[in-house]
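Colleague: Quick one: the structure is below, and I'll ask about it shortly.
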Amino acid sequence: MSTMNSEVYDALIDAGADETKAREAAKSVAQYDTDIAEIKASLLVLKWMAGFILAFVVALTWRTFQ
């Protein structure tokens with residue numbers, strides 16, 4: 001089930017677009033927003049992983065040369 005961005009739908013209808021085309025465009029925008037949110041969540045996990053690995057490497061290097 002897809003959601004629809006009502007603001008985009010209303011703007012397209014007011015601009016004179018066909019109702020079915022406006023509905024599909026609004027659904028497309030909503031799907032795009034969902035995809036971006038998933039990418040941001042994945043990026044957050046990758047940032048934490050990179051930070052952990054960097055801290056681990058620094059700790060190992062410090063321990064080696066101490």
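Residue numbering restarts at 1 for every chain of the structure tokens, chains are lettered A, B, ... in their displayed order, and ligands are numbered from 1 as they appear.
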Among chain A, which ones does DSSP place in alpha helix (DSSP H), written as a VMD selection string?
Modeller: chain A and resid 6 to 14 19 to 65
Colleague: Please list as a list in words every residue within 8 Å of Ser28 in chain A, counting only C-alpha atoms and excluding residues in the same chain fewer than 4 positions away.
Modeller: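 So, after excluding close chain neighbours, the residues are Met4, Glu24 and Tyr32 of chain A.
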Colleague: Counting only C-alpha atoms, figure out which residue out of A:Phe65, A:Thr20, A:Ile53, A:Ala26 gets nearest to Glu7 in chain A.
Modeller: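 The shortest atom-to-atom distance to Glu7 in chain A comes from A:Ala26.
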